[in-house]
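Visitor: File name structure.cif; file contents mmCIF, C-alpha atoms; chains and numbers go by the auth columns; full text below.
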data_protein
loop_
_atom_site.group_PDB
_atom_site.id
_atom_site.type_symbol
_atom_site.label_atom_id
_atom_site.label_comp_id
_atom_site.label_asym_id
_atom_site.label_seq_id
_atom_site.Cartn_x
_atom_site.Cartn_y
_atom_site.Cartn_z
_atom_site.B_iso_or_equiv
_atom_site.auth_seq_id
_atom_site.auth_asym_id
ATOM 1 C CA MET A 1 -17.431 -13.637 5.990 0.00 97 A
ATOM 2 C CA LYS A 2 -14.014 -13.590 4.397 0.00 98 A
ATOM 3 C CA SER A 3 -14.585 -10.054 3.101 0.00 99 A
ATOM 4 C CA SER A 4 -14.869 -8.739 6.645 0.00 100 A
ATOM 5 C CA LYS A 5 -11.222 -9.689 7.178 0.00 101 A
ATOM 6 C CA TYR A 6 -10.240 -6.834 4.886 0.00 102 A
ATOM 7 C CA LEU A 7 -11.929 -4.201 7.026 0.00 103 A
ATOM 8 C CA MET A 8 -8.980 -3.185 9.169 0.00 104 A
ATOM 9 C CA ILE A 9 -6.699 -2.866 6.152 0.00 105 A
ATOM 10 C CA LEU A 10 -9.236 -0.771 4.262 0.00 106 A
ATOM 11 C CA ILE A 11 -9.662 1.523 7.262 0.00 107 A
ATOM 12 C CA SER A 12 -5.893 1.827 7.589 0.00 108 A
ATOM 13 C CA LEU A 13 -5.533 2.810 3.958 0.00 109 A
ATOM 14 C CA ALA A 14 -8.387 5.282 4.142 0.00 110 A
ATOM 15 C CA THR A 15 -6.784 6.816 7.229 0.00 111 A
ATOM 16 C CA LEU A 16 -3.481 6.952 5.396 0.00 112 A
ATOM 17 C CA VAL A 17 -4.881 9.036 2.564 0.00 113 A
ATOM 18 C CA SER A 18 -6.552 11.403 5.016 0.00 114 A
ATOM 19 C CA ALA A 19 -3.353 11.754 7.020 0.00 115 A
ATOM 20 C CA CYS A 20 -1.292 12.426 3.913 0.00 116 A
ATOM 21 C CA SER A 21 -3.664 15.185 2.871 0.00 117 A
ATOM 22 C CA ARG A 22 -3.064 16.906 6.206 0.00 118 A
ATOM 23 C CA GLN A 23 0.721 16.432 6.129 0.00 119 A
ATOM 24 C CA ALA A 24 1.684 18.587 3.079 0.00 120 A
ATOM 25 C CA PRO A 25 -0.712 -9.404 -9.761 0.00 121 A
ATOM 26 C CA ILE A 26 2.182 -11.515 -8.528 0.00 122 A
ATOM 27 C CA PRO A 27 5.153 -9.514 -7.296 0.00 123 A
ATOM 28 C CA SER A 28 8.541 -10.468 -8.668 0.00 124 A
ATOM 29 C CA SER A 29 11.128 -12.439 -6.744 0.00 125 A
ATOM 30 C CA PRO A 30 14.426 -11.127 -5.391 0.00 126 A
ATOM 31 C CA ALA A 31 17.806 -11.947 -6.780 0.00 127 A
ATOM 32 C CA ALA A 32 19.230 -15.106 -5.260 0.00 128 A
ATOM 33 C CA ASP A 33 22.418 -13.279 -4.282 0.00 129 A
ATOM 34 C CA SER A 34 20.698 -10.373 -2.494 0.00 130 A
ATOM 35 C CA PRO A 35 23.166 -8.871 0.000 0.00 131 A
ATOM 36 C CA ALA A 36 20.460 -7.869 2.485 0.00 132 A
ATOM 37 C CA SER A 37 19.617 -11.295 3.919 0.00 133 A
ATOM 38 C CA PRO A 38 23.184 -12.185 5.020 0.00 134 A
ATOM 39 C CA MET A 39 23.517 -8.775 6.689 0.00 135 A
ATOM 40 C CA LEU A 40 20.207 -9.261 8.470 0.00 136 A
ATOM 41 C CA ARG A 41 21.064 -12.761 9.615 0.00 137 A
ATOM 42 C CA SER A 42 24.415 -11.691 11.017 0.00 138 A
ATOM 43 C CA GLY A 43 23.031 -8.580 12.697 0.00 139 A
ATOM 44 C CA ARG A 44 25.149 -6.144 10.683 0.00 140 A
ATOM 45 C CA TYR A 45 22.537 -3.431 11.059 0.00 141 A
ATOM 46 C CA GLN A 46 24.898 -0.461 10.854 0.00 142 A
ATOM 47 C CA GLU A 47 26.268 -1.706 7.548 0.00 143 A
ATOM 48 C CA LEU A 48 22.766 -2.553 6.325 0.00 144 A
ATOM 49 C CA ASP A 49 21.323 0.822 7.262 0.00 145 A
ATOM 50 C CA GLY A 50 24.263 2.682 5.787 0.00 146 A
ATOM 51 C CA ARG A 51 24.099 0.798 2.507 0.00 147 A
ATOM 52 C CA TYR A 52 20.414 1.409 1.832 0.00 148 A
ATOM 53 C CA THR A 53 20.378 4.931 3.257 0.00 149 A
ATOM 54 C CA ALA A 54 23.079 5.816 0.733 0.00 150 A
ATOM 55 C CA ILE A 55 20.941 4.386 -2.084 0.00 151 A
ATOM 56 C CA GLN A 56 17.861 6.258 -0.865 0.00 152 A
ATOM 57 C CA ARG A 57 19.895 9.469 -0.577 0.00 153 A
ATOM 58 C CA ARG A 58 20.878 9.192 -4.225 0.00 154 A
ATOM 59 C CA PHE A 59 17.185 9.182 -5.102 0.00 155 A
ATOM 60 C CA ASP A 60 16.492 12.079 -2.727 0.00 156 A
ATOM 61 C CA ASN A 61 19.258 14.081 -4.442 0.00 157 A
ATOM 62 C CA GLY A 62 17.986 13.319 -7.938 0.00 158 A
ATOM 63 C CA ASP A 63 20.872 11.027 -8.855 0.00 159 A
ATOM 64 C CA LEU A 64 18.793 7.836 -9.047 0.00 160 A
ATOM 65 C CA SER A 65 15.375 7.203 -10.563 0.00 161 A
ATOM 66 C CA GLY A 66 12.465 5.880 -8.567 0.00 162 A
ATOM 67 C CA ASP A 67 12.415 2.780 -10.756 0.00 163 A
ATOM 68 C CA ASP A 68 16.083 2.073 -10.045 0.00 164 A
ATOM 69 C CA LEU A 69 15.446 2.697 -6.343 0.00 165 A
ATOM 70 C CA ARG A 70 12.668 0.114 -6.447 0.00 166 A
ATOM 71 C CA VAL A 71 15.026 -2.396 -8.061 0.00 167 A
ATOM 72 C CA ALA A 72 17.619 -1.825 -5.325 0.00 168 A
ATOM 73 C CA PHE A 73 15.049 -2.445 -2.606 0.00 169 A
ATOM 74 C CA ARG A 74 13.985 -5.725 -4.186 0.00 170 A
ATOM 75 C CA ASP A 75 16.701 -7.059 -1.906 0.00 171 A
ATOM 76 C CA PHE A 76 13.934 -7.123 0.703 0.00 172 A
ATOM 77 C CA TYR A 77 11.553 -9.220 -1.406 0.00 173 A
ATOM 78 C CA VAL A 78 12.096 -12.136 0.940 0.00 174 A
ATOM 79 C CA THR A 79 9.573 -14.193 2.877 0.00 175 A
ATOM 80 C CA ASP A 80 11.755 -16.225 5.237 0.00 176 A
ATOM 81 C CA ARG A 81 9.845 -15.992 8.528 0.00 177 A
ATOM 82 C CA SER A 82 13.079 -16.247 10.541 0.00 178 A
ATOM 83 C CA LEU A 83 14.019 -12.798 9.243 0.00 179 A
ATOM 84 C CA GLY A 84 11.055 -11.105 10.935 0.00 180 A
ATOM 85 C CA PRO A 85 12.848 -10.689 14.297 0.00 181 A
ATOM 86 C CA LYS A 86 15.932 -9.445 12.451 0.00 182 A
ATOM 87 C CA PHE A 87 13.923 -6.688 10.786 0.00 183 A
ATOM 88 C CA ASP A 88 12.544 -5.846 14.239 0.00 184 A
ATOM 89 C CA GLU A 89 16.050 -5.554 15.669 0.00 185 A
ATOM 90 C CA TRP A 90 17.115 -3.310 12.796 0.00 186 A
ATOM 91 C CA VAL A 91 14.154 -0.989 13.364 0.00 187 A
ATOM 92 C CA ALA A 92 14.732 -1.011 17.134 0.00 188 A
ATOM 93 C CA GLN A 93 18.354 0.026 16.701 0.00 189 A
ATOM 94 C CA TYR A 94 17.518 2.670 14.078 0.00 190 A
ATOM 95 C CA PRO A 95 14.008 3.863 14.993 0.00 191 A
ATOM 96 C CA GLN A 96 14.212 7.004 12.838 0.00 192 A
ATOM 97 C CA SER A 97 15.623 5.253 9.778 0.00 193 A
ATOM 98 C CA TYR A 98 13.419 5.558 6.715 0.00 194 A
ATOM 99 C CA VAL A 99 15.087 2.634 4.984 0.00 195 A
ATOM 100 C CA ALA A 100 14.718 0.302 7.976 0.00 196 A
ATOM 101 C CA ARG A 101 11.022 1.024 8.267 0.00 197 A
ATOM 102 C CA VAL A 102 10.254 0.798 4.553 0.00 198 A
ATOM 103 C CA ALA A 103 12.333 -2.387 4.223 0.00 199 A
ATOM 104 C CA ARG A 104 10.304 -4.076 6.947 0.00 200 A
ATOM 105 C CA GLY A 105 7.120 -2.854 5.290 0.00 201 A
ATOM 106 C CA ILE A 106 8.218 -4.394 1.998 0.00 202 A
ATOM 107 C CA TYR A 107 9.093 -7.644 3.758 0.00 203 A
ATOM 108 C CA TYR A 108 5.658 -7.964 5.366 0.00 204 A
ATOM 109 C CA LYS A 109 3.956 -7.068 2.102 0.00 205 A
ATOM 110 C CA LYS A 110 5.739 -9.977 0.449 0.00 206 A
ATOM 111 C CA VAL A 111 4.880 -12.261 3.371 0.00 207 A
ATOM 112 C CA GLY A 112 1.235 -11.250 2.967 0.00 208 A
ATOM 113 C CA PHE A 113 1.158 -11.993 -0.744 0.00 209 A
ATOM 114 C CA GLU A 114 2.799 -15.367 -0.194 0.00 210 A
ATOM 115 C CA ALA A 115 0.302 -16.244 2.549 0.00 211 A
ATOM 116 C CA ARG A 116 -2.641 -15.349 0.319 0.00 212 A
ATOM 117 C CA GLY A 117 -1.427 -17.466 -2.607 0.00 213 A
ATOM 118 C CA THR A 118 -2.345 -16.997 -6.253 0.00 214 A
ATOM 119 C CA LYS A 119 -5.730 -18.706 -6.523 0.00 215 A
ATOM 120 C CA TYR A 120 -9.104 -17.001 -6.805 0.00 216 A
ATOM 121 C CA ILE A 121 -10.525 -15.800 -3.509 0.00 217 A
ATOM 122 C CA LYS A 122 -13.194 -18.506 -3.490 0.00 218 A
ATOM 123 C CA GLU A 123 -10.380 -21.062 -3.609 0.00 219 A
ATOM 124 C CA THR A 124 -8.421 -19.393 -0.805 0.00 220 A
ATOM 125 C CA SER A 125 -8.817 -20.634 2.761 0.00 221 A
ATOM 126 C CA GLN A 126 -9.808 -18.494 5.713 0.00 222 A
ATOM 127 C CA SER A 127 -6.452 -19.197 7.358 0.00 223 A
ATOM 128 C CA GLN A 128 -4.691 -17.853 4.276 0.00 224 A
ATOM 129 C CA ILE A 129 -6.794 -14.693 4.351 0.00 225 A
ATOM 130 C CA ASP A 130 -6.108 -14.256 8.063 0.00 226 A
ATOM 131 C CA ALA A 131 -2.359 -14.650 7.547 0.00 227 A
ATOM 132 C CA MET A 132 -2.380 -12.208 4.647 0.00 228 A
ATOM 133 C CA THR A 133 -4.351 -9.650 6.643 0.00 229 A
ATOM 134 C CA ALA A 134 -2.023 -9.906 9.644 0.00 230 A
ATOM 135 C CA ALA A 135 1.023 -9.373 7.427 0.00 231 A
ATOM 136 C CA PHE A 136 -0.568 -6.521 5.483 0.00 232 A
ATOM 137 C CA GLU A 137 -1.517 -4.750 8.710 0.00 233 A
ATOM 138 C CA LYS A 138 2.142 -4.810 9.779 0.00 234 A
ATOM 139 C CA SER A 139 3.233 -3.652 6.342 0.00 235 A
ATOM 140 C CA VAL A 140 0.751 -0.777 6.228 0.00 236 A
ATOM 141 C CA ALA A 141 1.785 0.340 9.731 0.00 237 A
ATOM 142 C CA ASP A 142 5.441 0.509 8.694 0.00 238 A
ATOM 143 C CA LEU A 143 4.799 2.130 5.322 0.00 239 A
ATOM 144 C CA ARG A 144 2.544 4.737 6.911 0.00 240 A
ATOM 145 C CA ALA A 145 5.118 5.487 9.606 0.00 241 A
ATOM 146 C CA SER A 146 7.856 5.828 6.992 0.00 242 A
ATOM 147 C CA LEU A 147 6.040 8.666 5.220 0.00 243 A
ATOM 148 C CA THR A 148 7.336 11.225 7.720 0.00 244 A
ATOM 149 C CA MET A 149 10.868 9.791 7.969 0.00 245 A
ATOM 150 C CA GLY A 150 12.290 11.049 4.701 0.00 246 A
ATOM 151 C CA PRO A 151 11.795 13.800 2.122 0.00 247 A
ATOM 152 C CA LYS A 152 10.852 11.523 -0.791 0.00 248 A
ATOM 153 C CA PRO A 153 8.959 8.396 0.367 0.00 249 A
ATOM 154 C CA PHE A 154 8.405 7.119 -3.169 0.00 250 A
ATOM 155 C CA LEU A 155 8.721 3.474 -2.173 0.00 251 A
ATOM 156 C CA SER A 156 6.194 3.873 0.632 0.00 252 A
ATOM 157 C CA TYR A 157 3.503 5.034 -1.765 0.00 253 A
ATOM 158 C CA PHE A 158 4.478 2.464 -4.385 0.00 254 A
ATOM 159 C CA HIS A 159 4.068 -0.475 -2.026 0.00 255 A
ATOM 160 C CA LEU A 160 0.910 0.923 -0.426 0.00 256 A
ATOM 161 C CA LEU A 161 -0.541 1.082 -3.932 0.00 257 A
ATOM 162 C CA ASP A 162 0.220 -2.613 -4.320 0.00 258 A
ATOM 163 C CA ILE A 163 -1.525 -3.509 -1.057 0.00 259 A
ATOM 164 C CA GLY A 164 -4.445 -1.225 -1.848 0.00 260 A
ATOM 165 C CA MET A 165 -5.032 -3.049 -5.106 0.00 261 A
ATOM 166 C CA ALA A 166 -4.838 -6.411 -3.365 0.00 262 A
ATOM 167 C CA VAL A 167 -7.480 -5.536 -0.766 0.00 263 A
ATOM 168 C CA GLY A 168 -9.784 -3.653 -3.135 0.00 264 A
ATOM 169 C CA ALA A 169 -9.267 -0.149 -1.716 0.00 265 A
ATOM 170 C CA LYS A 170 -10.029 1.327 -5.128 0.00 266 A
ATOM 171 C CA GLU A 171 -11.131 4.730 -3.864 0.00 267 A
ATOM 172 C CA ASN A 172 -7.636 5.399 -2.477 0.00 268 A
ATOM 173 C CA LEU A 173 -5.497 4.178 -5.335 0.00 269 A
ATOM 174 C CA ARG A 174 -5.447 7.303 -7.498 0.00 270 A
ATOM 175 C CA GLU A 175 -4.227 9.456 -4.640 0.00 271 A
ATOM 176 C CA LEU A 176 -1.493 6.985 -3.776 0.00 272 A
ATOM 177 C CA PHE A 177 -0.449 6.976 -7.435 0.00 273 A
ATOM 178 C CA ASP A 178 -0.498 10.779 -7.606 0.00 274 A
ATOM 179 C CA ARG A 179 1.697 11.080 -4.535 0.00 275 A
ATOM 180 C CA ALA A 180 4.194 8.541 -5.873 0.00 276 A
ATOM 181 C CA ILE A 181 4.387 10.080 -9.352 0.00 277 A
ATOM 182 C CA ALA A 182 4.843 13.550 -7.877 0.00 278 A
ATOM 183 C CA LEU A 183 8.078 12.298 -6.306 0.00 279 A
ATOM 184 C CA ASP A 184 9.319 10.873 -9.612 0.00 280 A
ATOM 185 C CA PRO A 185 7.340 12.037 -12.661 0.00 281 A
ATOM 186 C CA SER A 186 9.484 9.817 -14.898 0.00 282 A
ATOM 187 C CA SER A 187 8.565 6.542 -13.189 0.00 283 A
ATOM 188 C CA TYR A 188 7.194 3.902 -15.498 0.00 284 A
ATOM 189 C CA ALA A 189 6.969 1.255 -12.774 0.00 285 A
ATOM 190 C CA VAL A 190 4.360 3.158 -10.808 0.00 286 A
ATOM 191 C CA ARG A 191 2.395 3.896 -13.991 0.00 287 A
ATOM 192 C CA LEU A 192 2.444 0.208 -14.861 0.00 288 A
ATOM 193 C CA LYS A 193 1.348 -0.688 -11.332 0.00 289 A
ATOM 194 C CA TYR A 194 -1.543 1.770 -11.467 0.00 290 A
ATOM 195 C CA MET A 195 -2.624 0.558 -14.901 0.00 291 A
ATOM 196 C CA VAL A 196 -3.061 -2.926 -13.423 0.00 292 A
ATOM 197 C CA THR A 197 -5.421 -1.514 -10.785 0.00 293 A
ATOM 198 C CA LEU A 198 -7.638 -0.179 -13.586 0.00 294 A
ATOM 199 C CA GLU A 199 -8.130 -3.544 -15.270 0.00 295 A
ATOM 200 C CA PRO A 200 -11.741 -4.767 -15.299 0.00 296 A
ATOM 201 C CA ARG A 201 -10.684 -7.961 -13.520 0.00 297 A
ATOM 202 C CA TRP A 202 -9.589 -5.750 -10.594 0.00 298 A
ATOM 203 C CA GLY A 203 -12.786 -3.698 -10.607 0.00 299 A
ATOM 204 C CA GLY A 204 -11.768 -1.118 -13.186 0.00 300 A
ATOM 205 C CA SER A 205 -12.944 -0.605 -16.748 0.00 301 A
ATOM 206 C CA MET A 206 -11.637 -0.377 -20.285 0.00 302 A
ATOM 207 C CA GLU A 207 -12.553 3.303 -20.322 0.00 303 A
ATOM 208 C CA GLU A 208 -10.402 3.941 -17.260 0.00 304 A
ATOM 209 C CA MET A 209 -7.522 2.020 -18.796 0.00 305 A
ATOM 210 C CA ARG A 210 -7.752 3.913 -22.095 0.00 306 A
ATOM 211 C CA ASN A 211 -7.940 7.271 -20.346 0.00 307 A
ATOM 212 C CA PHE A 212 -4.905 6.475 -18.232 0.00 308 A
ATOM 213 C CA TYR A 213 -3.010 5.167 -21.259 0.00 309 A
ATOM 214 C CA ALA A 214 -3.612 8.526 -22.965 0.00 310 A
ATOM 215 C CA GLU A 215 -2.352 10.239 -19.817 0.00 311 A
ATOM 216 C CA CYS A 216 0.804 8.128 -19.916 0.00 312 A
ATOM 217 C CA GLN A 217 1.360 8.948 -23.575 0.00 313 A
ATOM 218 C CA ARG A 218 1.237 12.659 -22.782 0.00 314 A
ATOM 219 C CA ALA A 219 3.842 12.106 -20.060 0.00 315 A
ATOM 220 C CA GLY A 220 6.100 10.328 -22.537 0.00 316 A
ATOM 221 C CA LEU A 221 6.649 6.630 -23.186 0.00 317 A
ATOM 222 C CA ASN A 222 9.401 4.821 -25.020 0.00 318 A
ATOM 223 C CA ASP A 223 8.522 2.209 -27.632 0.00 319 A
ATOM 224 C CA ALA A 224 8.791 -0.760 -25.273 0.00 320 A
ATOM 225 C CA GLN A 225 6.631 0.889 -22.623 0.00 321 A
ATOM 226 C CA ASN A 226 4.070 1.943 -25.199 0.00 322 A
ATOM 227 C CA LYS A 227 3.831 -1.612 -26.540 0.00 323 A
ATOM 228 C CA GLU A 228 3.507 -3.083 -23.048 0.00 324 A
ATOM 229 C CA LEU A 229 0.576 -0.842 -22.120 0.00 325 A
ATOM 230 C CA GLN A 230 -1.073 -1.454 -25.491 0.00 326 A
ATOM 231 C CA GLY A 231 -0.668 -5.166 -24.847 0.00 327 A
ATOM 232 C CA MET A 232 -2.384 -4.814 -21.473 0.00 328 A
ATOM 233 C CA LEU A 233 -5.319 -3.096 -23.133 0.00 329 A
ATOM 234 C CA ALA A 234 -5.598 -5.829 -25.766 0.00 330 A
ATOM 235 C CA GLN A 235 -5.267 -8.603 -23.202 0.00 331 A
ATOM 236 C CA GLU A 236 -7.960 -7.149 -21.002 0.00 332 A
ATOM 237 C CA GLN A 237 -10.295 -6.627 -23.950 0.00 333 A
ATOM 238 C CA ALA A 238 -9.816 -10.290 -24.863 0.00 334 A
ATOM 239 C CA TRP A 239 -10.471 -11.304 -21.250 0.00 335 A
ATOM 240 C CA LEU A 240 -13.771 -9.404 -21.282 0.00 336 A
ATOM 241 C CA ALA A 241 -14.778 -10.999 -24.570 0.00 337 A
ATOM 242 C CA GLN A 242 -14.497 -14.431 -22.955 0.00 338 A
ATOM 243 C CA ARG A 243 -16.680 -13.554 -19.969 0.00 339 A
#
For this file, produce the structure as C-alpha cells.
Guide:
Amino acid sequence: MKSSKYLMILISLATLVSACSRQAPIPSSPAADSPASPMLRSGRYQELDGRYTAIQRRFDNGDLSGDDLRVAFRDFYVTDRSLGPKFDEWVAQYPQSYVARVARGIYYKKVGFEARGTKYIKETSQSQIDAMTAAFEKSVADLRASLTMGPKPFLSYFHLLDIGMAVGAKENLRELFDRAIALDPSSYAVRLKYMVTLEPRWGGSMEEMRNFYAECQRAGLNDAQNKELQGMLAQEQAWLAQR
C-alpha cells in the first residue's frame, strides 16, 4: 500500500519529538538571483558557511526575527539534483555547522515536495511517493541532527513541521510548533504554518482552527495577519459546505 511508504518518516518524526523532550500546501519558490546556488556550484563553502552563519547568529543574538531568518534561508529552496553532491561536500567540510546541515535539510524537503507533486494522493504514482519518502528521510535526518548544533534551531522545527503535515504526523505537530514558537514568540510564519495543519482537509477541524485563531489573537496580530487567518477560516468553512 502507498500509505506504508510513510512509515519510516512517521517513526522518525515520533522519535524526534521523544528525543527533543529528553534534550532540554505548496512551498514558495526561491528568488531567481539567490546567491547560494553559485557558491555551491563553485565550491565556495567557506564563504557560503560564513555568510549564512552570520545570518543565523543575528537571529541567535535577537537582532533578526525568525520570519526574516526563514526568508534568508529561502536561498536553499532549490531542487536542482546536481546540487545534492555540493550540499554533501559542504557538510563534509563543516560537519559541525548548523547552517550547512539545516540548508541541506531544507534542500531535500523541497526535493521531496517536488517529487510528490501537487495532485491528490490517489492521482500520485508509487514512484512519486517513493521519491518523496527518500528525500524526506534525508531531510528529517539532517533537521534532527541540526537540533543540537546551535542554540536556537528555529528553522529546524519550522521545516519539520512542514514535513510532518505532509506525511500526516498530526500527533507530533503541536509539539513541533511549540518548540519553534518558544524560540521566536513573535513569529507569524510558524503560526500560519500550524494553522494550515489544523484545516479539516488536512485532518483537523473548524473547532481546532477557531481555538488556535483565538490563541493567535491573544499573542497579538496586526490587521493583515488577522484578516489572513480569518480568510483561512472562511475558506475552510466554504470547503466543508461543498463536501
Visitor: Counting all atoms listed in the file, which of A:Pro191, A:Gly260, A:Ala315, A:Ser252 gets nearest to Tyr284 in chain A?
Guide: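 Closest residue, counting all atoms listed in the file: A:Ala315.
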Visitor: Mind running range 259-328 of chain A against range 215-234 of chain A at 10 Å and telling me each contacting residue's nearest atom pair with the distance in Å (one decimal), counting only C-alpha atoms, chain and number ascending, as CSV?
Guide:
residue,atom,partner,partner_atom,distance
A:Ile259,CA,A:Phe232,CA,7.3
A:Gly260,CA,A:Phe232,CA,9.8
A:Ala262,CA,A:Phe232,CA,9.8
A:Val263,CA,A:Thr229,CA,9.0
Visitor: Taking (-9.4, 4.0, -4.5) in the file's own coordinates, collect the residues within 12 Å, counting all atoms listed in the file, and hand them back as an MDAnalysis selection string.
Guide: chainID A and resid 106 109:110 112:113 256:274 290 293:294 298:300
Visitor: Could you write out as a PyMOL selection string the residues that the PyMOL selection byres ((chain A and resi 280) around 12) matches in the shown file?
Guide: chain A and resi 155-166+248-251+253-254+273-279+281-287+315
Visitor: Restricting the calculation to all atoms listed in the file, which member of A:Met305, A:Ala237, A:Leu136, A:Leu317 is positioned closest to Ile202 in chain A?
Guide: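 Closest candidate: A:Ala237.
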Visitor: Give as a ChimeraX atom specification the residues that the PyMOL selection byres ((chain A and resi 302) around 12) matches when applied to the coordinates above.
Guide: /A:291-301,303-309,326,328-337
Visitor: So what do you get for CA of Thr175 in chain A versus CA of Ala188 in chain A, distance-wise?
Guide: 20.1 Å
Visitor: Expand the PyMOL selection byres ((chain A and resi 174) around 10) into the explicit residue set it covers here, and present it as a PDB file with C-alpha atoms, in the frame of the given file.
Guide:
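Saved result, result-v4.pdb, follows:
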ATOM      1  CA  SER A 125      11.128 -12.439  -6.744  1.00  0.00           C
ATOM      2  CA  PRO A 126      14.426 -11.127  -5.391  1.00  0.00           C
ATOM      3  CA  ALA A 127      17.806 -11.947  -6.780  1.00  0.00           C
ATOM      4  CA  ALA A 128      19.230 -15.106  -5.260  1.00  0.00           C
ATOM      5  CA  SER A 130      20.698 -10.373  -2.494  1.00  0.00           C
ATOM      6  CA  ALA A 132      20.460  -7.869   2.485  1.00  0.00           C
ATOM      7  CA  SER A 133      19.617 -11.295   3.919  1.00  0.00           C
ATOM      8  CA  ARG A 170      13.985  -5.725  -4.186  1.00  0.00           C
ATOM      9  CA  ASP A 171      16.701  -7.059  -1.906  1.00  0.00           C
ATOM     10  CA  PHE A 172      13.934  -7.123   0.703  1.00  0.00           C
ATOM     11  CA  TYR A 173      11.553  -9.220  -1.406  1.00  0.00           C
ATOM     12  CA  THR A 175       9.573 -14.193   2.877  1.00  0.00           C
ATOM     13  CA  ASP A 176      11.755 -16.225   5.237  1.00  0.00           C
ATOM     14  CA  ARG A 177       9.845 -15.992   8.528  1.00  0.00           C
ATOM     15  CA  LEU A 179      14.019 -12.798   9.243  1.00  0.00           C
ATOM     16  CA  ILE A 202       8.218  -4.394   1.998  1.00  0.00           C
ATOM     17  CA  TYR A 203       9.093  -7.644   3.758  1.00  0.00           C
ATOM     18  CA  TYR A 204       5.658  -7.964   5.366  1.00  0.00           C
ATOM     19  CA  LYS A 205       3.956  -7.068   2.102  1.00  0.00           C
ATOM     20  CA  LYS A 206       5.739  -9.977   0.449  1.00  0.00           C
ATOM     21  CA  VAL A 207       4.880 -12.261   3.371  1.00  0.00           C
ATOM     22  CA  GLU A 210       2.799 -15.367  -0.194  1.00  0.00           C
TER      23      GLU A 210
END
Visitor: Of the candidates A:Arg212, A:Leu144, A:Ala168, A:Ser178, which one gets nearest to Ala196 in chain A if we count only C-alpha atoms?
Guide: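 Closest residue, counting only C-alpha atoms: A:Leu144.
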Visitor: CA of Glu185 in chain A and CA of Phe209 in chain A are how many Å apart?
Guide: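 Taking CA of Glu185 in chain A as the start and CA of Phe209 in chain A as the end point, the length is 23.1 Å.
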Visitor: Enter the distance from CA of Tyr194 in chain A to CA of Gly246 in chain A, in Å, rounded to one decimal.
Guide: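 We find that CA of Tyr194 in chain A and CA of Gly246 in chain A lie 6.0 Å from each other.
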Visitor: Residues near Glu143 in chain A, anyone? I mean within 12 Å using only C-alpha atoms, not counting same-chain ones fewer than 4 positions away, as JSON, numbers by chain.
Guide: {"A": [131, 132, 134, 135, 136, 138, 139, 147, 148, 149, 150, 186, 190, 196]}
Visitor: Which centre and edge lengths in Å to one decimal define the box along x, y and z that fits every listed atom of range 136-151 of chain A plus 4 Å per side, as JSON?
Guide:
{"center_x": 23.2, "center_y": -3.5, "center_z": 5.3, "size_x": 14.1, "size_y": 26.6, "size_z": 22.8}
Visitor: Which residue out of A:Leu288, A:Val167, A:Val187, A:Leu239 has the minimum interatomic distance to Asp145 in chain A when only C-alpha atoms are used?
Guide: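 Answer, going by the shortest atom-to-atom distance: A:Val187.
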Visitor: Kindly indicate which residue among A:Lys289, A:Lys323, A:Arg197, A:His255 lies nearest to Ala241 in chain A, using only C-alpha atoms for the distances.
Guide: A:Arg197
Visitor: Limit the output to N, CA and C atoms and give range 220-232 of chain A as an mmCIF file, in the first residue's frame.
Guide:
data_model
loop_
_atom_site.group_PDB
_atom_site.id
_atom_site.type_symbol
_atom_site.label_atom_id
_atom_site.label_comp_id
_atom_site.auth_asym_id
_atom_site.auth_seq_id
_atom_site.Cartn_x
_atom_site.Cartn_y
_atom_site.Cartn_z
ATOM 1 N N THR A 220 -1.408 10.224 -7.493
ATOM 2 C CA THR A 220 0.052 10.288 -7.393
ATOM 3 C C THR A 220 0.622 8.880 -7.512
ATOM 4 N N SER A 221 1.626 8.718 -8.361
ATOM 5 C CA SER A 221 2.173 7.387 -8.619
ATOM 6 C C SER A 221 3.019 6.884 -7.460
ATOM 7 N N GLN A 222 3.192 5.559 -7.428
ATOM 8 C CA GLN A 222 4.030 4.958 -6.400
ATOM 9 C C GLN A 222 5.470 5.458 -6.495
ATOM 10 N N SER A 223 5.957 5.653 -7.715
ATOM 11 C CA SER A 223 7.335 6.131 -7.869
ATOM 12 C C SER A 223 7.486 7.543 -7.308
ATOM 13 N N GLN A 224 6.457 8.358 -7.440
ATOM 14 C CA GLN A 224 6.490 9.690 -6.856
ATOM 15 C C GLN A 224 6.528 9.617 -5.328
ATOM 16 N N ILE A 225 5.709 8.752 -4.775
ATOM 17 C CA ILE A 225 5.689 8.578 -3.315
ATOM 18 C C ILE A 225 7.039 8.076 -2.821
ATOM 19 N N ASP A 226 7.617 7.131 -3.540
ATOM 20 C CA ASP A 226 8.921 6.588 -3.147
ATOM 21 C C ASP A 226 9.998 7.676 -3.173
ATOM 22 N N ALA A 227 9.979 8.501 -4.220
ATOM 23 C CA ALA A 227 10.968 9.566 -4.338
ATOM 24 C C ALA A 227 10.778 10.608 -3.241
ATOM 25 N N MET A 228 9.535 10.944 -2.942
ATOM 26 C CA MET A 228 9.260 11.881 -1.868
ATOM 27 C C MET A 228 9.766 11.339 -0.543
ATOM 28 N N THR A 229 9.452 10.069 -0.268
ATOM 29 C CA THR A 229 9.842 9.464 1.001
ATOM 30 C C THR A 229 11.354 9.440 1.160
ATOM 31 N N ALA A 230 12.067 9.085 0.096
ATOM 32 C CA ALA A 230 13.528 9.036 0.154
ATOM 33 C C ALA A 230 14.098 10.421 0.467
ATOM 34 N N ALA A 231 13.546 11.447 -0.173
ATOM 35 C CA ALA A 231 14.027 12.808 0.070
ATOM 36 C C ALA A 231 13.672 13.278 1.474
ATOM 37 N N PHE A 232 12.457 12.998 1.918
ATOM 38 C CA PHE A 232 12.044 13.402 3.257
ATOM 39 C C PHE A 232 12.873 12.712 4.338
#
